[in-house]
>>> print(open('protein-v4.csv').read())   # CSV, C-alpha atoms and all ligand atoms
chain,number,residue,atom,x,y,z
U,1,MET,CA,-17.8,-23.1,-2.2
U,2,THR,CA,-19.5,-19.8,-1.3
U,3,PRO,CA,-18.3,-16.5,-2.7
U,4,LEU,CA,-17.1,-15.5,0.7
U,5,GLU,CA,-15.0,-18.7,1.0
U,6,TYR,CA,-13.6,-18.2,-2.4
U,7,ASP,CA,-12.6,-14.6,-1.5
U,8,PHE,CA,-10.9,-15.8,1.6
U,9,LEU,CA,-8.8,-18.3,-0.4
U,10,ARG,CA,-8.0,-15.6,-3.1
U,11,LYS,CA,-6.9,-13.1,-0.4
U,12,SER,CA,-4.8,-15.7,1.5
U,13,LEU,CA,-3.1,-16.9,-1.6
U,14,LYS,CA,-2.2,-13.4,-2.7
U,15,GLU,CA,-0.9,-12.4,0.7
U,16,ARG,CA,1.3,-15.5,1.0
U,17,SER,CA,2.6,-16.0,-2.5
U,18,GLY,CA,1.6,-13.0,-4.7
U,19,LEU,CA,-0.4,-15.4,-6.9
U,20,VAL,CA,-3.5,-13.8,-8.2
U,21,LEU,CA,-6.7,-15.8,-8.8
U,22,THR,CA,-9.2,-14.2,-11.0
U,23,ALA,CA,-12.9,-14.6,-10.2
U,24,ASP,CA,-13.3,-17.2,-13.0
U,25,LYS,CA,-10.8,-19.7,-11.4
U,26,GLN,CA,-13.2,-21.3,-9.0
U,27,TYR,CA,-13.2,-24.6,-10.9
U,28,LEU,CA,-9.4,-24.7,-10.7
U,29,VAL,CA,-9.4,-24.0,-6.9
U,30,GLU,CA,-12.0,-26.8,-6.4
U,31,SER,CA,-10.1,-29.4,-8.4
U,32,ARG,CA,-6.8,-28.7,-6.7
U,33,LEU,CA,-8.1,-28.2,-3.1
U,34,LEU,CA,-10.7,-31.0,-2.8
U,35,PRO,CA,-8.0,-33.7,-2.6
U,36,ILE,CA,-6.3,-31.7,0.1
U,37,ALA,CA,-9.5,-31.3,2.1
U,38,ARG,CA,-10.2,-35.1,1.8
U,39,LYS,CA,-6.6,-35.9,2.9
U,40,ALA,CA,-7.0,-33.7,5.9
U,41,GLY,CA,-10.2,-35.6,6.8
U,42,LEU,CA,-12.5,-32.7,5.8
U,43,VAL,CA,-15.6,-33.4,3.8
U,44,SER,CA,-15.9,-30.2,1.9
U,45,LEU,CA,-14.0,-27.1,0.8
U,46,GLY,CA,-16.1,-25.2,3.3
U,47,GLY,CA,-14.5,-27.4,6.0
U,48,LEU,CA,-11.1,-26.7,4.6
U,49,VAL,CA,-11.7,-22.9,4.6
U,50,ALA,CA,-13.0,-23.1,8.2
U,51,ALA,CA,-9.7,-24.9,9.2
U,52,LEU,CA,-7.7,-22.3,7.5
U,53,ARG,CA,-9.6,-19.5,9.1
U,54,ARG,CA,-8.8,-21.1,12.5
U,55,GLY,CA,-5.2,-20.5,11.7
U,56,ASP,CA,-3.9,-23.9,10.5
U,57,GLU,CA,-0.7,-22.5,8.9
U,58,SER,CA,0.7,-25.9,7.8
U,59,LEU,CA,-2.6,-26.6,6.0
U,60,MET,CA,-2.4,-23.1,4.5
U,61,MET,CA,1.1,-23.8,3.1
U,62,THR,CA,-0.2,-27.0,1.5
U,63,VAL,CA,-3.1,-25.0,0.0
U,64,VAL,CA,-0.7,-22.3,-1.3
U,65,GLU,CA,1.7,-24.9,-2.8
U,66,ALA,CA,-1.3,-26.7,-4.5
U,67,MET,CA,-2.3,-23.5,-6.2
U,68,THR,CA,1.2,-22.9,-7.8
U,69,THR,CA,1.6,-23.8,-11.5
U,70,ASN,CA,4.9,-25.7,-11.8
U,71,GLU,CA,5.0,-26.2,-15.6
U,72,THR,CA,8.6,-26.3,-16.8
U,73,PHE,CA,10.9,-28.2,-19.1
U,74,PHE,CA,14.5,-28.5,-20.0
U,75,PHE,CA,16.0,-25.6,-22.1
U,76,ARG,CA,12.5,-24.0,-22.1
U,77,ASP,CA,12.2,-21.5,-25.0
U,78,LYS,CA,15.9,-22.3,-26.1
U,79,THR,CA,16.8,-18.6,-26.6
U,80,PRO,CA,17.5,-17.7,-22.9
U,81,PHE,CA,20.0,-20.6,-22.8
U,82,GLU,CA,21.6,-19.7,-26.1
U,83,ASN,CA,21.9,-16.1,-24.8
U,84,PHE,CA,23.4,-17.5,-21.7
U,85,ARG,CA,26.0,-19.5,-23.6
U,86,THR,CA,26.8,-17.0,-26.3
U,87,ALA,CA,26.4,-13.6,-24.7
U,88,ILE,CA,25.8,-13.5,-20.9
U,89,LEU,CA,28.5,-15.9,-19.9
U,90,PRO,CA,31.2,-14.3,-22.1
U,91,ALA,CA,30.3,-10.9,-20.8
U,92,LEU,CA,30.5,-12.1,-17.2
U,93,LEU,CA,33.8,-14.0,-17.8
U,94,ALA,CA,35.3,-10.8,-19.1
U,95,ALA,CA,33.9,-8.8,-16.2
U,96,ARG,CA,34.8,-11.3,-13.4
U,97,ARG,CA,38.2,-12.4,-14.7
U,98,ALA,CA,39.9,-11.2,-11.5
U,99,ALA,CA,37.5,-12.9,-9.0
U,100,ARG,CA,36.7,-15.9,-11.2
U,101,HIS,CA,33.4,-16.3,-9.4
U,102,ILE,CA,29.9,-16.0,-10.8
U,103,ARG,CA,26.6,-16.3,-8.9
U,104,ILE,CA,23.4,-17.3,-10.7
U,105,TRP,CA,19.9,-17.4,-9.2
U,106,SER,CA,17.1,-19.4,-10.8
U,107,ALA,CA,14.4,-17.7,-8.8
U,108,ALA,CA,11.4,-19.9,-9.6
U,109,ALA,CA,13.1,-23.1,-10.4
U,110,SER,CA,10.1,-25.5,-10.1
U,111,SER,CA,11.3,-29.1,-10.4
U,112,GLY,CA,14.8,-28.2,-11.5
U,113,GLN,CA,14.8,-28.3,-15.3
U,114,GLU,CA,15.8,-24.7,-15.6
U,115,PRO,CA,18.8,-24.7,-13.2
U,116,TYR,CA,20.0,-28.1,-14.5
U,117,SER,CA,19.8,-26.7,-18.1
U,118,LEU,CA,22.1,-23.9,-16.9
U,119,ALA,CA,24.4,-26.5,-15.2
U,120,MET,CA,24.6,-28.6,-18.4
U,121,THR,CA,25.4,-25.5,-20.4
U,122,ILE,CA,28.2,-24.7,-18.0
U,123,LYS,CA,29.5,-28.3,-17.9
U,124,GLU,CA,29.8,-28.2,-21.7
U,125,LEU,CA,32.1,-25.2,-21.3
U,126,GLU,CA,34.3,-27.0,-18.7
U,127,ASP,CA,37.6,-26.2,-20.5
U,128,THR,CA,36.8,-22.5,-20.7
U,129,LEU,CA,35.7,-22.4,-17.1
U,130,ALA,CA,38.5,-24.3,-15.5
U,131,GLY,CA,39.5,-22.5,-12.3
U,132,TRP,CA,36.1,-20.6,-12.1
U,133,ARG,CA,33.6,-21.0,-9.3
U,134,ILE,CA,30.1,-20.9,-10.7
U,135,GLU,CA,27.3,-21.0,-8.1
U,136,ILE,CA,23.7,-21.8,-9.1
U,137,ILE,CA,21.2,-21.1,-6.4
U,138,ALA,CA,17.7,-22.5,-7.3
U,139,THR,CA,14.7,-21.5,-5.3
U,140,ASP,CA,11.0,-22.0,-5.3
U,141,LEU,CA,8.1,-21.5,-3.0
U,142,SER,CA,6.9,-25.0,-3.3
U,143,SER,CA,8.7,-27.7,-1.2
U,144,SER,CA,7.3,-30.5,-3.2
U,145,VAL,CA,8.8,-29.4,-6.5
U,146,LEU,CA,12.1,-28.7,-4.7
U,147,ARG,CA,12.2,-32.3,-3.4
U,148,LYS,CA,11.8,-33.5,-7.0
U,149,ALA,CA,14.5,-31.0,-8.2
U,150,GLN,CA,16.9,-32.1,-5.5
U,151,ALA,CA,16.5,-35.8,-6.4
U,152,GLY,CA,17.0,-34.9,-10.1
U,153,ILE,CA,14.8,-37.8,-11.2
U,154,TYR,CA,12.6,-37.3,-14.3
U,155,SER,CA,10.1,-39.4,-16.2
U,156,GLN,CA,10.6,-40.4,-19.9
U,157,PHE,CA,8.1,-37.7,-20.8
U,158,GLU,CA,10.0,-35.0,-18.9
U,159,VAL,CA,13.4,-35.9,-20.5
U,160,GLN,CA,11.8,-35.9,-23.9
U,161,ARG,CA,10.7,-32.2,-23.4
U,162,GLY,CA,13.5,-29.9,-24.6
U,163,LEU,CA,16.5,-32.0,-23.5
U,164,PRO,CA,18.8,-32.8,-26.5
U,165,ILE,CA,19.3,-36.6,-26.8
U,166,ALA,CA,23.1,-36.2,-26.6
U,167,PHE,CA,22.7,-34.6,-23.1
U,168,LEU,CA,20.3,-37.3,-22.0
U,169,ILE,CA,22.9,-39.9,-22.8
U,170,LYS,CA,25.8,-37.9,-21.4
U,171,TYR,CA,24.3,-36.6,-18.2
U,172,PHE,CA,21.5,-39.0,-17.1
U,173,SER,CA,21.3,-42.6,-16.0
U,174,LYS,CA,18.3,-44.8,-16.1
U,175,THR,CA,16.8,-45.9,-12.8
U,176,GLY,CA,13.8,-48.2,-13.5
U,177,ASP,CA,11.4,-46.2,-15.6
U,178,MET,CA,13.0,-42.9,-14.6
U,179,TRP,CA,16.1,-40.9,-15.5
U,180,GLN,CA,18.4,-39.4,-12.9
U,181,ILE,CA,20.7,-36.5,-13.6
U,182,ALA,CA,24.4,-37.2,-12.9
U,183,PRO,CA,25.7,-36.5,-9.3
U,184,GLU,CA,28.2,-33.9,-10.6
U,185,LEU,CA,25.4,-31.9,-12.2
U,186,ARG,CA,23.3,-32.2,-9.0
U,187,ALA,CA,26.2,-30.9,-7.0
U,188,MET,CA,26.4,-27.8,-9.2
U,189,VAL,CA,23.0,-26.6,-8.0
U,190,LYS,CA,22.0,-25.6,-4.5
U,191,PHE,CA,18.2,-25.8,-4.0
U,192,ARG,CA,16.5,-23.8,-1.3
U,193,GLN,CA,12.9,-23.0,-0.5
U,194,PHE,CA,12.3,-19.3,-0.8
U,195,ASN,CA,9.3,-17.0,-1.3
U,196,LEU,CA,9.8,-14.1,-3.8
U,197,LEU,CA,7.7,-11.9,-1.5
U,198,SER,CA,10.4,-12.2,1.2
U,199,ASP,CA,13.6,-10.2,1.8
U,200,PHE,CA,16.3,-11.1,-0.8
U,201,SER,CA,19.2,-9.8,1.3
U,202,THR,CA,19.8,-13.3,2.9
U,203,LEU,CA,20.6,-14.6,-0.6
U,204,GLY,CA,23.6,-12.3,-1.4
U,205,VAL,CA,24.4,-10.6,-4.7
U,206,PHE,CA,23.9,-12.2,-8.1
U,207,ASP,CA,25.5,-11.8,-11.4
U,208,LEU,CA,22.6,-13.3,-13.3
U,209,ILE,CA,19.0,-13.9,-12.3
U,210,PHE,CA,16.7,-16.2,-14.2
U,211,CYS,CA,13.2,-15.3,-13.1
U,212,ARG,CA,11.0,-16.9,-15.7
U,213,ASN,CA,7.3,-17.6,-15.9
U,214,VAL,CA,6.4,-16.6,-12.4
U,215,LEU,CA,5.8,-12.8,-12.6
U,216,ILE,CA,3.0,-13.6,-15.0
U,217,TYR,CA,1.0,-14.9,-12.0
U,218,PHE,CA,1.5,-11.7,-10.0
U,219,ASP,CA,-0.4,-8.4,-10.1
U,220,GLN,CA,1.4,-5.2,-11.3
U,221,PRO,CA,2.4,-3.8,-7.9
U,222,THR,CA,3.9,-7.2,-6.9
U,223,LYS,CA,5.8,-7.5,-10.3
U,224,ILE,CA,7.2,-4.0,-9.7
U,225,ASP,CA,8.2,-4.7,-6.1
U,226,VAL,CA,9.9,-8.0,-7.1
U,227,LEU,CA,11.8,-6.5,-10.0
U,228,ASN,CA,13.0,-3.5,-8.0
U,229,ARG,CA,14.2,-5.8,-5.2
U,230,MET,CA,16.0,-8.0,-7.8
U,231,ALA,CA,17.8,-5.0,-9.2
U,232,ARG,CA,19.1,-4.4,-5.7
U,233,ALA,CA,20.2,-8.0,-5.3
U,234,MET,CA,22.2,-7.9,-8.5
U,235,ALA,CA,25.7,-6.7,-9.4
U,236,SER,CA,25.5,-3.4,-11.4
U,237,ASP,CA,26.8,-5.2,-14.4
U,238,GLY,CA,24.6,-8.3,-14.0
U,239,TYR,CA,21.8,-9.6,-16.1
U,240,LEU,CA,18.1,-10.5,-15.6
U,241,VAL,CA,16.4,-13.1,-17.8
U,242,LEU,CA,12.6,-13.1,-17.8
U,243,GLY,CA,10.1,-15.4,-19.5
U,244,ALA,CA,8.8,-15.0,-23.0
U,245,ALA,CA,5.6,-13.3,-21.8
U,246,GLU,CA,7.3,-11.1,-19.3
U,247,THR,CA,9.0,-7.7,-19.5
U,248,VAL,CA,10.3,-4.8,-17.4
U,249,VAL,CA,9.0,-2.3,-19.9
U,250,GLY,CA,6.3,-0.1,-18.6
U,251,LEU,CA,6.9,-1.4,-15.1
U,252,VAL,CA,10.2,-0.4,-13.6
U,253,ASP,CA,13.2,1.7,-14.7
U,254,SER,CA,15.6,-0.2,-12.4
U,255,PHE,CA,16.2,-2.5,-15.4
U,256,LYS,CA,16.6,-1.7,-19.1
U,257,VAL,CA,16.3,-3.8,-22.2
U,258,VAL,CA,19.5,-5.3,-23.6
U,259,PRO,CA,19.1,-4.5,-27.3
U,260,GLU,CA,18.8,-7.4,-29.7
U,261,GLN,CA,18.7,-10.0,-26.9
U,262,ARG,CA,15.1,-11.1,-26.4
U,263,GLY,CA,14.1,-11.4,-22.8
U,264,LEU,CA,17.4,-10.1,-21.5
U,265,TYR,CA,17.6,-7.1,-19.1
U,266,ALA,CA,20.4,-5.2,-17.3
U,267,PRO,CA,20.2,-3.0,-14.3
U,268,ASN,CA,20.1,0.7,-15.1
U,269,ALA,CA,23.0,3.0,-14.3
U,270,ARG,CA,25.5,0.1,-14.7
U,271,ARG,CA,29.2,0.7,-14.3
U,272,PRO,CA,31.4,0.4,-17.4
U,273,LEU,CA,33.4,-2.8,-17.7
U,274,PRO,CA,36.8,-2.7,-16.0
U,275,ALA,CA,39.7,-1.8,-18.4
U,276,PRO,CA,41.3,-4.9,-19.9
U,277,GLN,CA,44.4,-6.2,-18.1
U,278,ALA,CA,47.6,-6.4,-20.1
U,279,ALA,CA,48.2,-10.1,-19.8
U,280,VAL,CA,44.6,-11.2,-20.3
U,281,LYS,CA,42.9,-11.0,-23.7
U,282,PRO,CA,39.5,-9.4,-23.0
U,283,MET,CA,36.5,-11.4,-24.1
U,284,PRO,CA,34.1,-9.5,-26.3
U,285,ARG,CA,31.1,-8.2,-24.5
U,286,LEU,CA,27.9,-10.0,-25.7
U,287,ALA,CA,29.9,-11.9,-28.3
U,288,VAL,CA,29.7,-15.6,-29.2
U,289,VAL,CA,32.0,-18.2,-27.5
U,290,ASN,CA,32.0,-21.8,-28.4
U,291,GLY,CA,29.5,-21.1,-31.2
U,292,GLY,CA,27.8,-23.7,-33.3
U,293,ARG,CA,27.4,-26.6,-30.8
F,1,LIG,C1,5.6,-22.0,-14.2
F,1,LIG,S1,6.9,-22.3,-13.0
F,1,LIG,C2,8.3,-21.7,-13.8
F,1,LIG,C3,9.5,-22.6,-13.8
F,1,LIG,C4,10.7,-22.2,-14.6
F,1,LIG,N1,11.2,-20.9,-14.2
F,1,LIG,C5,10.4,-22.1,-16.1
F,1,LIG,O1,10.2,-21.0,-16.6
F,1,LIG,O2,10.2,-23.2,-16.7
F,1,LIG,C6,6.6,-21.1,-11.8
F,1,LIG,C7,7.1,-21.5,-10.4
F,1,LIG,O3,7.0,-20.3,-9.6
F,1,LIG,C8,6.9,-20.8,-8.3
F,1,LIG,N2,6.3,-19.6,-7.5
F,1,LIG,C9,5.1,-19.1,-7.5
F,1,LIG,N3,5.0,-18.1,-6.6
F,1,LIG,C10,6.2,-18.0,-6.0
F,1,LIG,C11,6.7,-17.2,-5.0
F,1,LIG,N4,5.9,-16.2,-4.4
F,1,LIG,N5,8.0,-17.3,-4.6
F,1,LIG,C12,8.8,-18.3,-5.2
F,1,LIG,N6,8.3,-19.1,-6.2
F,1,LIG,C13,7.0,-19.0,-6.5
F,1,LIG,C14,5.9,-21.9,-8.4
F,1,LIG,O4,6.0,-22.8,-7.3
F,1,LIG,C15,6.4,-22.6,-9.7
F,1,LIG,O5,7.2,-23.7,-9.4
>>> encode(input="protein-v4.csv", output="structure tokens", more="lines below")
Ligand SMILES: C[S@@+](CC[C@H](N)C(=O)[O-])C[C@H]1O[C@@H](n2cnc3c(N)ncnc32)[C@H](O)[C@@H]1O
Amino acid sequence: MTPLEYDFLRKSLKERSGLVLTADKQYLVESRLLPIARKAGLVSLGGLVAALRRGDESLMMTVVEAMTTNETFFFRDKTPFENFRTAILPALLAARRAARHIRIWSAAASSGQEPYSLAMTIKELEDTLAGWRIEIIATDLSSSVLRKAQAGIYSQFEVQRGLPIAFLIKYFSKTGDMWQIAPELRAMVKFRQFNLLSDFSTLGVFDLIFCRNVLIYFDQPTKIDVLNRMARAMASDGYLVLGAAETVVGLVDSFKVVPEQRGLYAPNARRPLPAPQAAVKPMPRLAVVNGGR
């Protein structure tokens, strides 16, 4: 691949997905795109770039998807899911006790392990959450990972990464060599293809956004833009969870750090919690419920 062809691919990828390829990633591009070129009947990456330059948008989408990194696993990093169970959910239950409706967005859901980890956590709290409507909207740029997520079918290797054995037994059934998540868990998550560079207003307002391990692939202006738009797509008393290597600090002031909760952020200028209603015992804000599972 010539430097000009590589530059064309870098620019196209950045424009369509926000993903930044550094100059030293040529080997990665070649290994991921050669199979696509061959499948399209093209003999070289030069031929692939020529087809893309002619405006083959469907081939371009295939190329962009092939350049995404979809690494994920169940209950990745543990802490965000512990925070969800012990702090975020209790705070939202207190704040939403009138509406009894919570909306969660898993904004780069990959093959579904993240939203299904949230769904299993919610399912475990079934008794506390009786009468509540909890929506989980899971989106990703890549249609191929979303197909897998929607099917909810995972290999032995995948279910051995992060998933407690008790949850495997309880929520999965074996189909051949694979494991499929239970229909009631699948029904808790709505999957949708969505590009984080596009307008969020079609998605509605969220109480909680999990946006983990995708901002790391964006440059600073794109991170700032996505975070600021997420702040606008979030209830003023909502929460944002980022990946372990990601932060809002030094980037935006639309979010602030939630003290003592690693990776947890809240929109700035949030409204105070509504005053407790006489008949309802208020749940403590950021306190532990159902502790010690
Ligand atoms: C490394 S995975 C993270 C999965 C999960 N959030 C986790 O932390 O385990 C990153 C995901 O971001 C998606 N992605 C990359 N660019 C995107 C964009 N512009 N819009 C939406 N999703 C994107 C990729 O397709 C990939 O599935």
>>> residues_around(input="protein-v4.csv", residues="stretch 135-145 of chain U", least_positions_apart="3", cutoff="7 Å", atoms="only C-alpha atoms", output="NGL selection string")
:U and (65 or 102-111 or 115 or 148-149 or 188-195)
>>> atom_distance(input="protein-v4.csv", atom1="atom CA of U:Phe75", atom2="atom CA of U:Tyr239")
18.0 Å
>>> closest_residue(input="protein-v4.csv", among="U:Trp132, U:Tyr116, U:Phe84, U:Tyr154", to="ligand LIG 1 (chain F)", atoms="all atoms listed in the file")
U:Tyr116
>>> residues_around(input="protein-v4.csv", residues="U:Leu9", least_positions_apart="4", cutoff="8 Å", atoms="all atoms listed in the file", output="list in words")
Glu5, Leu13 and Val49 of chain U
>>> closest_residue(input="protein-v4.csv", among="U:Ala66, U:Leu227, U:Leu34, U:Ala269", to="ligand LIG 1 (chain F)", atoms="all atoms listed in the file")
U:Ala66
>>> decode(input="protein-v4.csv", residues="stretch 42-69 of chain U", atoms="N, CA and C atoms", output="mmCIF file, in the first residue's frame")
data_model
loop_
_atom_site.group_PDB
_atom_site.id
_atom_site.type_symbol
_atom_site.label_atom_id
_atom_site.label_comp_id
_atom_site.auth_asym_id
_atom_site.auth_seq_id
_atom_site.Cartn_x
_atom_site.Cartn_y
_atom_site.Cartn_z
ATOM 1 N N LEU U 42 -10.890 -8.310 -5.468
ATOM 2 C CA LEU U 42 -9.812 -7.371 -5.803
ATOM 3 C C LEU U 42 -8.487 -7.999 -5.401
ATOM 4 N N VAL U 43 -7.469 -7.801 -6.219
ATOM 5 C CA VAL U 43 -6.227 -8.526 -5.961
ATOM 6 C C VAL U 43 -5.342 -7.855 -4.914
ATOM 7 N N SER U 44 -5.522 -6.559 -4.709
ATOM 8 C CA SER U 44 -4.602 -5.866 -3.790
ATOM 9 C C SER U 44 -5.334 -4.791 -3.005
ATOM 10 N N LEU U 45 -4.628 -4.250 -2.013
ATOM 11 C CA LEU U 45 -5.206 -3.140 -1.247
ATOM 12 C C LEU U 45 -5.308 -1.885 -2.115
ATOM 13 N N GLY U 46 -4.418 -1.785 -3.094
ATOM 14 C CA GLY U 46 -4.499 -0.664 -4.042
ATOM 15 C C GLY U 46 -5.836 -0.702 -4.778
ATOM 16 N N GLY U 47 -6.233 -1.917 -5.168
ATOM 17 C CA GLY U 47 -7.524 -2.088 -5.861
ATOM 18 C C GLY U 47 -8.687 -1.735 -4.943
ATOM 19 N N LEU U 48 -8.559 -2.105 -3.676
ATOM 20 C CA LEU U 48 -9.613 -1.804 -2.694
ATOM 21 C C LEU U 48 -9.752 -0.285 -2.542
ATOM 22 N N VAL U 49 -8.619 0.381 -2.396
ATOM 23 C CA VAL U 49 -8.652 1.846 -2.231
ATOM 24 C C VAL U 49 -9.253 2.493 -3.474
ATOM 25 N N ALA U 50 -8.909 1.972 -4.638
ATOM 26 C CA ALA U 50 -9.465 2.538 -5.888
ATOM 27 C C ALA U 50 -10.986 2.408 -5.887
ATOM 28 N N ALA U 51 -11.497 1.231 -5.450
ATOM 29 C CA ALA U 51 -12.960 1.027 -5.407
ATOM 30 C C ALA U 51 -13.599 1.990 -4.404
ATOM 31 N N LEU U 52 -12.919 2.202 -3.293
ATOM 32 C CA LEU U 52 -13.449 3.127 -2.277
ATOM 33 C C LEU U 52 -13.444 4.555 -2.816
ATOM 34 N N ARG U 53 -12.392 4.897 -3.522
ATOM 35 C CA ARG U 53 -12.316 6.253 -4.100
ATOM 36 C C ARG U 53 -13.422 6.486 -5.121
ATOM 37 N N ARG U 54 -13.844 5.402 -5.786
ATOM 38 C CA ARG U 54 -14.931 5.546 -6.777
ATOM 39 C C ARG U 54 -16.286 5.717 -6.089
ATOM 40 N N GLY U 55 -16.301 5.575 -4.745
ATOM 41 C CA GLY U 55 -17.534 5.877 -4.004
ATOM 42 C C GLY U 55 -18.361 4.657 -3.641
ATOM 43 N N ASP U 56 -17.728 3.482 -3.533
ATOM 44 C CA ASP U 56 -18.469 2.282 -3.113
ATOM 45 C C ASP U 56 -18.733 2.363 -1.601
ATOM 46 N N GLU U 57 -19.876 2.913 -1.234
ATOM 47 C CA GLU U 57 -20.171 3.182 0.188
ATOM 48 C C GLU U 57 -20.367 1.902 0.994
ATOM 49 N N SER U 58 -20.944 0.875 0.351
ATOM 50 C CA SER U 58 -21.167 -0.363 1.110
ATOM 51 C C SER U 58 -19.812 -1.024 1.439
ATOM 52 N N LEU U 59 -18.894 -0.986 0.457
ATOM 53 C CA LEU U 59 -17.540 -1.500 0.709
ATOM 54 C C LEU U 59 -16.856 -0.648 1.788
ATOM 55 N N MET U 60 -17.105 0.654 1.754
ATOM 56 C CA MET U 60 -16.507 1.555 2.755
ATOM 57 C C MET U 60 -16.976 1.175 4.166
ATOM 58 N N MET U 61 -18.269 0.874 4.300
ATOM 59 C CA MET U 61 -18.779 0.492 5.621
ATOM 60 C C MET U 61 -18.133 -0.806 6.107
ATOM 61 N N THR U 62 -17.948 -1.755 5.169
ATOM 62 C CA THR U 62 -17.289 -3.023 5.513
ATOM 63 C C THR U 62 -15.868 -2.746 6.015
ATOM 64 N N VAL U 63 -15.200 -1.826 5.330
ATOM 65 C CA VAL U 63 -13.824 -1.473 5.709
ATOM 66 C C VAL U 63 -13.809 -0.823 7.097
ATOM 67 N N VAL U 64 -14.732 0.117 7.322
ATOM 68 C CA VAL U 64 -14.773 0.812 8.616
ATOM 69 C C VAL U 64 -15.047 -0.199 9.737
ATOM 70 N N GLU U 65 -16.020 -1.073 9.512
ATOM 71 C CA GLU U 65 -16.341 -2.085 10.540
ATOM 72 C C GLU U 65 -15.142 -2.985 10.824
ATOM 73 N N ALA U 66 -14.417 -3.316 9.759
ATOM 74 C CA ALA U 66 -13.264 -4.211 9.938
ATOM 75 C C ALA U 66 -12.170 -3.539 10.764
ATOM 76 N N MET U 67 -12.150 -2.221 10.770
ATOM 77 C CA MET U 67 -11.113 -1.520 11.515
ATOM 78 C C MET U 67 -11.501 -1.241 12.969
ATOM 79 N N THR U 68 -12.726 -1.619 13.371
ATOM 80 C CA THR U 68 -13.101 -1.413 14.771
ATOM 81 C C THR U 68 -12.484 -2.521 15.631
ATOM 82 N N THR U 69 -12.214 -2.188 16.875
ATOM 83 C CA THR U 69 -11.714 -3.174 17.840
ATOM 84 C C THR U 69 -12.884 -3.525 18.747
#
